[in-house]
>>> print(open('entry28.cif').read())   # mmCIF, C-alpha atoms and all ligand atoms
data_data
loop_
_atom_site.label_atom_id
_atom_site.label_comp_id
_atom_site.auth_asym_id
_atom_site.auth_seq_id
_atom_site.Cartn_x
_atom_site.Cartn_y
_atom_site.Cartn_z
CA MET A 1 78.64 103.17 76.98
CA HIS A 2 81.81 101.74 75.47
CA ILE A 3 84.59 101.07 77.98
CA LEU A 4 88.30 100.49 77.42
CA LEU A 5 90.15 98.62 80.16
CA ILE A 6 93.95 98.90 80.26
CA GLY A 7 95.92 95.94 81.61
CA SER A 8 96.43 92.21 81.32
CA GLY A 9 96.48 90.60 84.76
CA GLY A 10 94.14 88.95 87.23
CA ARG A 11 93.12 92.34 88.57
CA GLU A 12 91.97 93.38 85.11
CA HIS A 13 90.17 90.07 84.53
CA ALA A 14 88.22 90.67 87.75
CA LEU A 15 87.42 94.25 86.68
CA ALA A 16 86.40 93.04 83.21
CA TRP A 17 84.13 90.42 84.78
CA ARG A 18 82.19 93.02 86.80
CA LEU A 19 82.26 95.72 84.11
CA SER A 20 80.85 93.30 81.54
CA GLN A 21 77.91 92.62 83.89
CA SER A 22 76.98 96.30 84.10
CA PRO A 23 73.77 97.28 82.30
CA MET A 24 75.61 100.48 81.30
CA CYS A 25 78.37 98.61 79.50
CA ASP A 26 77.39 98.12 75.85
CA LYS A 27 80.86 97.18 74.67
CA LEU A 28 84.04 96.34 76.55
CA TYR A 29 87.52 96.57 75.03
CA ALA A 30 90.69 95.50 76.80
CA ALA A 31 94.26 96.45 75.91
CA PRO A 32 96.01 94.08 75.78
CA GLY A 33 93.83 91.78 77.92
CA ASN A 34 94.45 88.03 78.28
CA PRO A 35 92.66 84.78 77.33
CA GLY A 36 90.31 85.03 80.33
CA ILE A 37 89.43 88.64 79.55
CA ALA A 38 88.96 87.71 75.88
CA GLU A 39 85.84 85.74 76.90
CA LEU A 40 84.28 89.00 78.15
CA ALA A 41 85.81 91.75 76.03
CA THR A 42 87.33 92.50 72.67
CA CYS A 43 91.09 92.47 73.21
CA VAL A 44 93.08 95.01 71.25
CA ALA A 45 96.82 95.53 70.81
CA LEU A 46 97.36 99.07 72.05
CA ASP A 47 100.49 100.34 73.74
CA PRO A 48 99.40 102.35 76.82
CA ALA A 49 102.66 104.31 76.56
CA ASP A 50 101.48 105.62 73.18
CA HIS A 51 98.92 108.11 74.47
CA GLY A 52 98.06 109.33 70.98
CA ALA A 53 97.17 105.81 69.86
CA VAL A 54 94.96 105.21 72.91
CA GLU A 55 93.22 108.54 72.33
CA ALA A 56 92.67 107.76 68.64
CA PHE A 57 91.25 104.34 69.52
CA CYS A 58 88.83 105.92 72.00
CA ARG A 59 87.59 108.38 69.40
CA GLU A 60 87.21 105.78 66.69
CA HIS A 61 85.35 103.35 68.96
CA HIS A 62 83.29 105.92 70.89
CA VAL A 63 84.83 104.98 74.24
CA GLY A 64 83.12 106.87 77.08
CA LEU A 65 85.31 105.60 79.91
CA VAL A 66 88.87 104.31 80.16
CA VAL A 67 89.60 102.18 83.24
CA VAL A 68 93.33 101.96 83.95
CA GLY A 69 94.33 98.83 85.91
CA PRO A 70 98.10 99.15 86.57
CA GLU A 71 100.05 102.07 88.02
CA ALA A 72 102.71 102.59 85.34
CA PRO A 73 100.44 104.24 82.71
CA LEU A 74 99.00 106.53 85.43
CA VAL A 75 102.39 107.63 86.73
CA ASP A 76 103.31 108.12 83.06
CA GLY A 77 100.40 110.55 82.54
CA LEU A 78 97.95 108.50 80.44
CA GLY A 79 95.15 109.97 82.58
CA ASP A 80 96.28 113.53 81.78
CA SER A 81 96.47 112.88 78.05
CA LEU A 82 93.01 111.31 77.86
CA ARG A 83 91.38 113.94 80.06
CA ALA A 84 92.94 116.67 77.94
CA ALA A 85 91.24 115.01 74.97
CA GLY A 86 87.89 115.07 76.81
CA ILE A 87 87.82 111.33 77.56
CA LYS A 88 86.76 110.17 81.04
CA VAL A 89 89.33 108.12 82.92
CA PHE A 90 89.17 106.02 86.06
CA GLY A 91 92.61 106.61 87.55
CA PRO A 92 94.48 109.72 88.67
CA ASN A 93 96.51 112.21 86.68
CA ALA A 94 100.29 111.96 86.98
CA ASN A 95 100.54 114.74 89.55
CA ALA A 96 98.18 112.72 91.80
CA ALA A 97 99.54 109.25 90.91
CA ILE A 98 102.72 110.57 92.51
CA LEU A 99 101.20 109.12 95.70
CA GLU A 100 102.45 105.79 94.37
CA GLY A 101 105.23 107.16 92.19
CA SER A 102 107.21 108.86 94.97
CA LYS A 103 107.39 107.46 98.49
CA GLY A 104 109.11 110.63 99.68
CA PHE A 105 106.23 112.75 98.38
CA VAL A 106 103.76 110.75 100.49
CA LYS A 107 105.92 111.00 103.60
CA ASP A 108 106.17 114.80 103.27
CA LEU A 109 102.40 115.00 102.71
CA CYS A 110 101.80 112.94 105.86
CA ALA A 111 104.17 115.14 107.86
CA ARG A 112 102.45 118.34 106.68
CA GLU A 113 98.92 117.05 107.25
CA GLY A 114 99.52 115.17 110.51
CA ILE A 115 98.69 111.79 108.93
CA PRO A 116 99.98 108.91 111.08
CA THR A 117 102.89 107.06 109.43
CA ALA A 118 106.41 105.82 110.30
CA ALA A 119 109.10 108.41 111.12
CA TYR A 120 111.32 108.98 108.08
CA ALA A 121 114.09 110.86 106.32
CA ARG A 122 114.52 111.57 102.57
CA HIS A 123 117.99 111.55 101.10
CA SER A 124 119.43 112.20 97.66
CA ASP A 125 123.03 112.04 98.88
CA LYS A 126 124.58 108.70 99.80
CA ALA A 127 126.96 109.97 102.49
CA ALA A 128 124.17 111.89 104.23
CA ALA A 129 121.91 108.81 104.10
CA LEU A 130 124.60 106.57 105.61
CA ALA A 131 125.30 109.14 108.34
CA ASP A 132 121.59 109.36 109.17
CA LEU A 133 121.07 105.60 109.66
CA ALA A 134 122.17 105.44 113.29
CA ARG A 135 119.22 107.39 114.69
CA PHE A 136 116.66 104.90 113.29
CA GLY A 137 117.88 101.84 115.24
CA LEU A 138 117.26 98.30 113.95
CA PRO A 139 115.50 96.89 112.07
CA VAL A 140 115.28 99.82 109.70
CA VAL A 141 113.41 100.15 106.40
CA ILE A 142 115.20 101.49 103.30
CA LYS A 143 113.09 102.38 100.27
CA ALA A 144 113.89 103.51 96.75
CA ASP A 145 111.76 106.63 96.20
CA GLY A 146 110.29 105.72 92.80
CA LEU A 147 108.48 102.77 91.19
CA ALA A 148 110.59 99.62 91.45
CA ALA A 149 108.04 96.93 90.55
CA GLY A 150 107.38 96.25 94.23
CA LYS A 151 111.04 95.41 94.90
CA GLY A 152 112.35 98.74 96.17
CA VAL A 153 111.79 98.09 99.89
CA ILE A 154 114.48 96.52 102.05
CA ILE A 155 113.98 95.72 105.71
CA ALA A 156 117.49 95.69 107.15
CA GLU A 157 118.09 93.70 110.33
CA THR A 158 121.75 94.72 110.70
CA ASP A 159 123.84 97.85 110.13
CA ALA A 160 125.66 96.06 107.33
CA GLN A 161 122.39 95.24 105.53
CA ALA A 162 121.19 98.82 105.90
CA GLN A 163 124.44 100.22 104.52
CA ASP A 164 124.37 97.69 101.74
CA ALA A 165 120.81 98.67 100.80
CA ILE A 166 121.79 102.33 100.58
CA GLU A 167 124.88 101.49 98.53
CA THR A 168 122.77 99.37 96.15
CA MET A 169 120.13 102.04 95.68
CA PHE A 170 122.55 104.88 95.06
CA GLY A 171 124.61 102.53 92.91
CA GLY A 172 121.67 102.24 90.48
CA GLY A 173 120.49 98.79 91.64
CA PHE A 174 116.89 99.97 91.29
CA GLY A 175 117.50 102.27 88.33
CA ASP A 176 116.19 105.81 88.55
CA ALA A 177 113.82 104.78 91.34
CA GLY A 178 116.80 104.77 93.72
CA ALA A 179 118.18 108.21 92.89
CA GLU A 180 116.51 109.23 96.13
CA VAL A 181 115.95 107.00 99.17
CA VAL A 182 113.62 107.11 102.13
CA ILE A 183 114.79 105.73 105.48
CA GLU A 184 111.92 104.70 107.74
CA GLU A 185 111.31 103.63 111.27
CA PHE A 186 110.28 99.94 111.35
CA MET A 187 106.66 99.56 112.46
CA THR A 188 105.21 96.41 114.00
CA GLY A 189 101.63 95.21 113.78
CA GLU A 190 99.27 93.49 111.40
CA GLU A 191 99.02 94.75 107.81
CA VAL A 192 95.73 95.50 106.10
CA SER A 193 94.90 96.79 102.62
CA PHE A 194 92.13 99.35 102.49
CA PHE A 195 90.47 100.77 99.37
CA ALA A 196 88.54 104.00 98.89
CA ILE A 197 87.20 105.58 95.70
CA SER A 198 87.50 109.31 95.02
CA ASP A 199 86.36 111.75 92.33
CA GLY A 200 88.90 114.32 93.53
CA ALA A 201 86.60 115.96 96.05
CA HIS A 202 84.46 113.21 97.59
CA VAL A 203 85.77 109.88 98.79
CA ILE A 204 83.88 106.75 99.77
CA PRO A 205 85.17 103.61 101.47
CA PHE A 206 85.20 100.51 99.27
CA GLY A 207 86.51 97.62 101.34
CA SER A 208 89.39 95.88 103.07
CA ALA A 209 91.54 92.83 102.32
CA GLN A 210 94.65 91.05 103.51
CA ASP A 211 97.37 89.88 101.16
CA HIS A 212 100.08 87.20 101.53
CA LYS A 213 103.29 88.64 100.13
CA ARG A 214 105.83 85.86 100.74
CA VAL A 215 106.06 83.02 98.26
CA GLY A 216 106.04 80.16 100.79
CA ASP A 217 103.67 78.68 103.35
CA GLY A 218 104.00 80.22 106.80
CA ASP A 219 105.04 83.54 105.21
CA THR A 220 108.50 82.30 104.26
CA GLY A 221 110.75 82.93 101.26
CA PRO A 222 111.07 85.94 99.00
CA ASN A 223 108.48 88.67 98.50
CA THR A 224 106.07 88.44 95.58
CA GLY A 225 103.32 90.61 94.15
CA GLY A 226 100.91 88.64 96.36
CA MET A 227 100.19 84.90 96.59
CA GLY A 228 96.61 85.15 97.81
CA ALA A 229 94.17 87.40 99.60
CA TYR A 230 90.84 87.51 101.35
CA SER A 231 88.23 90.16 101.93
CA PRO A 232 86.99 91.53 104.26
CA ALA A 233 89.83 91.66 106.78
CA PRO A 234 87.96 91.01 110.04
CA VAL A 235 90.70 92.77 112.07
CA PHE A 236 89.81 95.95 110.22
CA THR A 237 86.70 96.77 112.25
CA PRO A 238 84.18 99.48 111.29
CA ALA A 239 85.68 101.64 114.07
CA LEU A 240 89.17 101.30 112.55
CA GLU A 241 87.79 102.07 109.11
CA ALA A 242 86.16 105.24 110.42
CA GLU A 243 89.45 106.25 112.07
CA VAL A 244 91.40 105.64 108.83
CA MET A 245 88.89 107.63 106.76
CA ASP A 246 89.06 110.45 109.27
CA ARG A 247 92.81 110.58 109.96
CA ILE A 248 94.35 109.31 106.72
CA ILE A 249 92.06 109.25 103.66
CA HIS A 250 90.03 112.48 104.08
CA PRO A 251 93.11 114.60 104.95
CA THR A 252 94.87 113.19 101.86
CA VAL A 253 91.97 113.96 99.50
CA LYS A 254 91.67 117.48 100.93
CA ALA A 255 95.39 118.25 100.73
CA MET A 256 95.71 116.89 97.20
CA ALA A 257 92.74 118.96 95.98
CA ARG A 258 94.05 122.07 97.72
CA ASP A 259 97.48 121.61 96.14
CA GLY A 260 96.11 121.32 92.60
CA ARG A 261 96.54 117.54 92.53
CA ALA A 262 92.90 116.43 92.82
CA TYR A 263 92.96 112.62 93.05
CA SER A 264 90.35 110.75 91.04
CA GLY A 265 90.52 106.97 91.14
CA VAL A 266 91.07 104.36 93.82
CA PHE A 267 93.22 104.82 96.89
CA PHE A 268 94.92 101.60 97.90
CA ALA A 269 96.22 102.32 101.39
CA GLY A 270 98.67 99.82 102.88
CA LEU A 271 98.11 100.14 106.62
CA MET A 272 99.92 98.87 109.70
CA LEU A 273 97.67 98.31 112.70
CA THR A 274 100.13 99.37 115.41
CA ASP A 275 99.71 99.69 119.19
CA GLN A 276 99.30 103.42 118.58
CA GLY A 277 96.53 102.91 116.04
CA PRO A 278 96.50 102.50 112.26
CA LYS A 279 99.40 104.07 110.36
CA LEU A 280 99.93 104.49 106.65
CA ILE A 281 102.70 102.31 105.14
CA GLU A 282 102.18 103.44 101.58
CA TYR A 283 99.65 104.44 98.95
CA ASN A 284 99.09 102.80 95.59
CA CYS A 285 97.07 104.55 92.90
CA ARG A 286 95.34 101.37 91.62
CA PHE A 287 93.50 98.33 92.93
CA GLY A 288 95.69 95.68 94.56
CA ASP A 289 96.44 92.48 92.72
CA PRO A 290 95.14 90.00 93.96
CA GLU A 291 93.10 92.13 96.40
CA CYS A 292 90.92 93.40 93.54
CA GLN A 293 89.86 89.85 92.71
CA VAL A 294 88.33 89.28 96.17
CA LEU A 295 86.78 92.76 96.29
CA MET A 296 85.13 92.19 92.90
CA LEU A 297 83.77 88.83 94.01
CA ARG A 298 82.01 90.60 96.90
CA PHE A 299 80.96 93.74 95.01
CA GLU A 300 77.20 93.82 94.43
CA GLY A 301 76.66 97.09 92.59
CA ASP A 302 77.12 98.43 89.08
CA LEU A 303 80.87 98.78 88.61
CA ALA A 304 80.70 100.83 85.41
CA GLN A 305 78.40 103.32 87.13
CA LEU A 306 80.71 103.61 90.15
CA LEU A 307 83.91 104.04 88.13
CA LEU A 308 82.25 106.52 85.78
CA ALA A 309 81.09 108.54 88.80
CA ALA A 310 84.65 108.58 90.17
CA ALA A 311 85.87 109.76 86.76
CA SER A 312 83.37 112.66 86.70
CA ALA A 313 83.74 115.93 88.59
CA ASP A 314 81.57 115.70 91.72
CA GLY A 315 80.35 112.34 90.42
CA LEU A 316 80.47 110.60 93.79
CA GLY A 317 78.52 113.33 95.61
CA ALA A 318 75.22 111.55 95.11
CA ILE A 319 76.44 107.95 95.27
CA GLU A 320 75.87 105.63 98.20
CA ARG A 321 78.67 103.57 99.65
CA PRO A 322 79.26 100.54 97.39
CA GLN A 323 77.65 97.38 98.74
CA LEU A 324 79.89 94.36 99.21
CA SER A 325 78.43 91.00 100.22
CA PRO A 326 78.95 90.29 103.94
CA ASP A 327 80.57 86.90 103.37
CA THR A 328 84.25 86.25 102.71
CA ALA A 329 85.95 85.95 99.35
CA LEU A 330 89.35 84.26 99.19
CA THR A 331 91.72 83.89 96.27
CA VAL A 332 94.65 81.53 95.83
CA VAL A 333 97.32 82.50 93.31
CA MET A 334 98.60 79.62 91.21
CA ALA A 335 102.06 80.61 90.01
CA ALA A 336 104.53 79.03 87.59
CA LYS A 337 107.51 77.25 89.15
CA GLY A 338 110.41 79.67 89.50
CA TYR A 339 108.27 82.65 90.52
CA PRO A 340 109.16 85.23 91.88
CA GLY A 341 112.39 84.53 89.98
CA THR A 342 112.20 83.43 86.35
CA PRO A 343 108.96 81.49 85.91
CA GLU A 344 108.66 78.41 83.69
CA LYS A 345 106.71 79.37 80.58
CA GLY A 346 104.41 77.23 78.51
CA GLY A 347 103.26 74.67 81.10
CA THR A 348 99.84 73.26 80.22
CA ILE A 349 96.75 73.98 82.31
CA ALA A 350 93.55 71.92 82.37
CA ILE A 351 90.64 73.23 84.42
CA GLY A 352 88.26 70.57 85.78
CA ASP A 353 85.07 70.95 87.84
CA ILE A 354 85.70 74.00 90.02
CA GLY A 355 82.19 74.18 91.51
CA GLY A 356 81.08 77.74 92.23
CA ALA A 357 84.61 79.15 92.20
CA GLN A 358 85.70 81.87 89.83
CA ILE A 359 88.99 81.74 87.99
CA PHE A 360 90.72 84.92 86.96
CA HIS A 361 93.55 84.65 84.45
CA ALA A 362 96.71 86.49 85.53
CA GLY A 363 99.41 85.16 83.22
CA THR A 364 98.05 82.76 80.62
CA ALA A 365 98.23 82.34 76.87
CA LEU A 366 96.54 80.09 74.32
CA ASN A 367 98.89 77.87 72.37
CA GLY A 368 96.99 76.21 69.55
CA GLY A 369 93.84 76.25 71.68
CA GLN A 370 95.66 74.86 74.72
CA LEU A 371 95.75 77.08 77.82
CA VAL A 372 99.34 77.51 79.00
CA ALA A 373 101.25 79.47 81.62
CA ASN A 374 102.65 82.76 80.39
CA GLY A 375 103.84 84.65 83.44
CA GLY A 376 104.79 84.39 87.10
CA ARG A 377 101.35 84.56 88.62
CA VAL A 378 99.15 82.49 86.31
CA LEU A 379 95.65 81.92 87.77
CA ASN A 380 93.68 83.39 90.67
CA VAL A 381 91.31 80.76 92.03
CA THR A 382 88.65 82.69 93.90
CA ALA A 383 85.72 81.50 96.04
CA HIS A 384 83.09 82.69 98.52
CA GLY A 385 82.25 81.33 101.96
CA GLN A 386 80.36 82.20 105.13
CA SER A 387 83.69 82.30 106.95
CA VAL A 388 87.35 82.50 105.94
CA THR A 389 87.59 78.78 106.75
CA ALA A 390 84.71 77.97 104.36
CA ALA A 391 86.00 80.26 101.60
CA GLN A 392 89.45 78.72 101.96
CA ALA A 393 88.03 75.18 101.65
CA ALA A 394 86.06 76.14 98.53
CA ALA A 395 89.06 77.83 96.90
CA TYR A 396 91.39 74.88 97.54
CA ALA A 397 88.77 72.39 96.32
CA ALA A 398 88.83 74.34 93.03
CA VAL A 399 92.65 74.49 93.03
CA ASP A 400 92.67 70.69 93.35
CA ALA A 401 90.46 70.43 90.25
CA ILE A 402 93.10 72.21 88.17
CA ASP A 403 95.81 70.19 86.47
CA PHE A 404 98.84 72.48 86.16
CA PRO A 405 101.98 70.34 86.57
CA THR A 406 104.44 73.25 86.29
CA GLY A 407 102.49 75.38 88.74
CA PHE A 408 102.43 75.78 92.51
CA CYS A 409 100.51 77.68 95.15
CA ARG A 410 100.57 78.38 98.85
CA ARG A 411 98.33 76.01 100.80
CA ASP A 412 97.69 78.38 103.73
CA ILE A 413 96.02 81.50 102.31
CA GLY A 414 93.90 83.01 105.08
CA TRP A 415 95.83 81.23 107.86
CA ARG A 416 95.61 84.06 110.40
CA GLU A 417 91.84 84.22 110.22
CA VAL A 418 91.41 80.46 110.00
CA ALA A 419 93.40 80.18 113.25
CA ARG A 420 91.30 82.94 114.85
CA GLU A 421 88.05 81.32 113.72
CA LYS A 422 89.25 78.00 115.17
CA ALA A 423 90.23 79.62 118.48
CA ALA A 424 86.84 81.34 118.65
CA GLY A 425 85.18 77.93 118.16
P1 LIG B 1 105.70 98.91 100.37
O1 LIG B 1 106.21 98.57 99.00
O2 LIG B 1 105.98 100.31 100.84
O3 LIG B 1 104.31 98.41 100.62
O4 LIG B 1 106.55 97.96 101.35
C1 LIG B 1 106.53 96.58 101.17
C2 LIG B 1 106.35 95.92 102.49
O5 LIG B 1 107.41 96.29 103.36
C3 LIG B 1 105.08 96.34 103.21
O6 LIG B 1 103.99 95.60 102.79
C4 LIG B 1 105.46 96.06 104.64
O7 LIG B 1 105.32 94.67 104.93
C5 LIG B 1 106.92 96.38 104.70
N1 LIG B 1 107.14 97.75 105.18
C6 LIG B 1 107.24 98.87 104.46
N2 LIG B 1 107.45 99.94 105.26
C7 LIG B 1 107.52 99.47 106.52
C8 LIG B 1 107.75 100.07 107.81
N3 LIG B 1 107.98 101.37 107.94
N4 LIG B 1 107.72 99.26 108.87
C9 LIG B 1 107.52 97.93 108.76
N5 LIG B 1 107.32 97.31 107.60
C10 LIG B 1 107.32 98.06 106.48
N1 LIG B 2 99.08 92.78 96.29
C1 LIG B 2 99.82 93.95 96.50
C2 LIG B 2 99.81 94.91 95.40
O1 LIG B 2 98.99 94.87 94.51
O2 LIG B 2 100.65 95.79 95.41
#
>>> encode(input="entry28.cif", output="structure tokens")
Amino acid sequence: MHILLIGSGGREHALAWRLSQSPMCDKLYAAPGNPGIAELATCVALDPADHGAVEAFCREHHVGLVVVGPEAPLVDGLGDSLRAAGIKVFGPNANAAILEGSKGFVKDLCAREGIPTAAYARHSDKAAALADLARFGLPVVIKADGLAAGKGVIIAETDAQAQDAIETMFGGGFGDAGAEVVIEEFMTGEEVSFFAISDGAHVIPFGSAQDHKRVGDGDTGPNTGGMGAYSPAPVFTPALEAEVMDRIIHPTVKAMARDGRAYSGVFFAGLMLTDQGPKLIEYNCRFGDPECQVLMLRFEGDLAQLLLAAASADGLGAIERPQLSPDTALTVVMAAKGYPGTPEKGGTIAIGDIGGAQIFHAGTALNGGQLVANGGRVLNVTAHGQSVTAAQAAAYAAVDAIDFPTGFCRRDIGWREVAREKAAG
């Protein structure tokens, strides 16, 4: 089978790495890919927004499966266009990708189906939103309804901040994404990312991970796309997973199918483990980045076979739960100085002896054969271990073998679990 992978980040490099190992994968294309992916796939310049061009490429190159990495092409309906042309796609249609594309849609779905989540209100009128704030108390969470590149969530500690957030959103500060806002009760607890794969009717658990969103050690500084992750998340016990499948994932799959929005692809559920049990923070319609990198390191099956099954009607009916290795995978994001603001471009990177670690390229380019930084998040240095402590040591040993003078990373990825492992002796 010929496979076309859409995307260019560390998530897509990790997917390309596993897809290229599949006995089913005869030829892998990536659009646009990156220098790391180029070692595994043929990179092609295709604009995912040009559905006709993607379709024509698939026909010409006999592509049997398109794997879409990022959310934007899915929300934009690339899945619909390719399916209409008879091409199999891993990733939902636009009317199902709305689970990521509209936060208000998800909240209404949760309310209708009794899925545990934070109390909320949707508003498309500024005055009504401001008037509604008081009943939520503080802190309060204000969200732009649509896609805002991960920046559309403001946790307001004071009334002034909450009012300001609403003013900014309705004032166009987040573009069209803020034409509607969601006000949410602030939940407390530990956050976990959970992944499940669906063909629209069946859904199977994939695995859990924990991300580190803040740019600085000790979870300080501004939010980022994620500075590191590990999998599994030991706090997410098999009992919690069963509860989440039962109370959150299965009801979602059922409701979406019933409403003519059958969801085929990966569910990325952001969960808060609260005193009242796990609650849904949000859905994403794609793998997490960098969560995907640690999941792929642990994945032991045939990825092309699994994603093809998810892309086929009833394809997952006969498939066993994917096997992930029982040990821990941990990834450290090396970013370019300036990230999450404007990152320094062009800094040179030299990779030394990284032992058994795996490096996924997130934002790199080749400049006359020299590997250089070409984005905010640049490399994902990923390693295995018997414990989070061991995986962390292996990942940082590899980080220390990389010469990247204009780069930086957090030095404490996995800190919660390392502290727990230490306390447990
Ligand atoms: P989201 O983009 O919806 O994942 O939100 C970004 C981050 O904001 C989440 O990862 C949480 O840390 C935080 N967050 C979002 N909603 C809530 C909430 N209702 N209560 C507490 N924290 C939240
Ligand atoms: N790492 C969080 C995300 O992919 O949204």
>>> residues_near_ligand(input="entry28.cif", ligand="ligand LIG 1 (chain B)", cutoff="6 Å", atoms="all atoms listed in the file", output="PyMOL selection string")
chain A and resi 118+141+150+153+184-188+281-282
>>> residues_near_ligand(input="entry28.cif", ligand="ligand LIG 2 (chain B)", cutoff="10 Å", atoms="all atoms listed in the file", output="PyMOL selection string")
chain A and resi 11+70-71+149-150+193+209-213+224-229+268-270+282-292
>>> closest_residue(input="entry28.cif", among="A:Lys254, A:His361, A:His384, A:Lys345", to="Thr406 in chain A", atoms="all atoms listed in the file")
A:Lys345
>>> residues_near_point(input="entry28.cif", point="(96.8, 114.8, 108.8)", cutoff="10 Å", atoms="only C-alpha atoms", output="ChimeraX atom specification")
/A:109-117,246-252,254-255
>>> atom_distance(input="entry28.cif", atom1="CA of Gln293 in chain A", atom2="CA of Gly9 in chain A")
10.4 Å
>>> closest_residue(input="entry28.cif", among="A:Gly86, A:Pro322, A:Gly301, A:Gly152", to="Phe195 in chain A", atoms="all atoms listed in the file")
A:Pro322
>>> atom_distance(input="entry28.cif", atom1="CA of Ile142 in chain A", atom2="CA of Ser264 in chain A")
29.2 Å
>>> closest_residue(input="entry28.cif", among="A:Pro238, A:Gly189, A:Met256, A:Ile319", to="Asp275 in chain A", atoms="only C-alpha atoms")
A:Gly189
>>> atom_distance(input="entry28.cif", atom1="CA of Lys422 in chain A", atom2="CA of Ala393 in chain A")
13.9 Å
>>> residues_near_point(input="entry28.cif", point="(122.0, 99.8, 93.5)", cutoff="12 Å", atoms="all atoms listed in the file", output="list in words")
Lys126, Lys143, Ala144, Ala148, Lys151, Gly152, Ile154, Gln163, Asp164, Ala165, Ile166, Glu167, Thr168, Met169, Phe170, Gly171, Gly172, Gly173, Phe174, Gly175, Asp176, Ala177, Gly178, Ala179, Glu180 and Val181 of chain A
>>> write_last_selection(input="entry28.cif", atoms="C-alpha atoms", output="short mmCIF file (atom, residue, chain, number, x, y, z; two decimals), keeping the file's coordinate frame")
data_model
loop_
_atom_site.label_atom_id
_atom_site.label_comp_id
_atom_site.auth_asym_id
_atom_site.auth_seq_id
_atom_site.Cartn_x
_atom_site.Cartn_y
_atom_site.Cartn_z
CA LYS A 126 124.58 108.70 99.80
CA LYS A 143 113.09 102.38 100.27
CA ALA A 144 113.89 103.51 96.75
CA ALA A 148 110.59 99.62 91.45
CA LYS A 151 111.04 95.41 94.90
CA GLY A 152 112.35 98.74 96.17
CA ILE A 154 114.48 96.52 102.05
CA GLN A 163 124.44 100.22 104.52
CA ASP A 164 124.37 97.69 101.74
CA ALA A 165 120.81 98.67 100.80
CA ILE A 166 121.79 102.33 100.58
CA GLU A 167 124.88 101.49 98.53
CA THR A 168 122.77 99.37 96.15
CA MET A 169 120.13 102.04 95.68
CA PHE A 170 122.55 104.88 95.06
CA GLY A 171 124.61 102.53 92.91
CA GLY A 172 121.67 102.24 90.48
CA GLY A 173 120.49 98.79 91.64
CA PHE A 174 116.89 99.97 91.29
CA GLY A 175 117.50 102.27 88.33
CA ASP A 176 116.19 105.81 88.55
CA ALA A 177 113.82 104.78 91.34
CA GLY A 178 116.80 104.77 93.72
CA ALA A 179 118.18 108.21 92.89
CA GLU A 180 116.51 109.23 96.13
CA VAL A 181 115.95 107.00 99.17
#
>>> residues_around(input="entry28.cif", residues="Pro340 in chain A", least_positions_apart="3", cutoff="8 Å", atoms="all atoms listed in the file", output="PyMOL selection string")
chain A and resi 215+222-224+343+376
>>> write_last_selection(input="entry28.cif", atoms="C-alpha atoms", output="PDB file, keeping the file's coordinate frame")
ATOM      1  CA  VAL A 215     106.060  83.020  98.260  1.00  0.00           C
ATOM      2  CA  PRO A 222     111.070  85.940  99.000  1.00  0.00           C
ATOM      3  CA  ASN A 223     108.480  88.670  98.500  1.00  0.00           C
ATOM      4  CA  THR A 224     106.070  88.440  95.580  1.00  0.00           C
ATOM      5  CA  PRO A 343     108.960  81.490  85.910  1.00  0.00           C
ATOM      6  CA  GLY A 376     104.790  84.390  87.100  1.00  0.00           C
TER       7      GLY A 376
END
>>> residues_around(input="entry28.cif", residues="Cys43 in chain A", least_positions_apart="2", cutoff="8 Å", atoms="all atoms listed in the file", output="PyMOL selection string")
chain A and resi 29-34+37-38+41+45
>>> closest_residue(input="entry28.cif", among="A:Leu366, A:Ala242, A:Ile349, A:Val294", to="Pro35 in chain A", atoms="all atoms listed in the file")
A:Leu366
>>> build_atoms(input="entry28.cif", residues="range 104-109 of chain A", atoms="N, CA, C and O atoms", output="compact mmCIF listing (two decimals), in the frame of the given file")
# COMPACT_ATOMS: atom_id res chain seq x y z
N GLY A 104 108.73 109.43 98.94
CA GLY A 104 109.11 110.63 99.68
C GLY A 104 108.01 111.68 99.65
O GLY A 104 107.75 112.35 100.65
N PHE A 105 107.34 111.80 98.50
CA PHE A 105 106.23 112.75 98.38
C PHE A 105 105.15 112.45 99.43
O PHE A 105 104.63 113.34 100.11
N VAL A 106 104.81 111.15 99.54
CA VAL A 106 103.76 110.75 100.49
C VAL A 106 104.19 111.05 101.92
O VAL A 106 103.39 111.53 102.73
N LYS A 107 105.47 110.77 102.23
CA LYS A 107 105.92 111.00 103.60
C LYS A 107 105.85 112.49 103.95
O LYS A 107 105.41 112.85 105.04
N ASP A 108 106.24 113.35 103.01
CA ASP A 108 106.17 114.80 103.27
C ASP A 108 104.71 115.24 103.43
O ASP A 108 104.40 116.07 104.29
N LEU A 109 103.83 114.67 102.60
CA LEU A 109 102.40 115.00 102.71
C LEU A 109 101.88 114.60 104.10
O LEU A 109 101.18 115.37 104.76
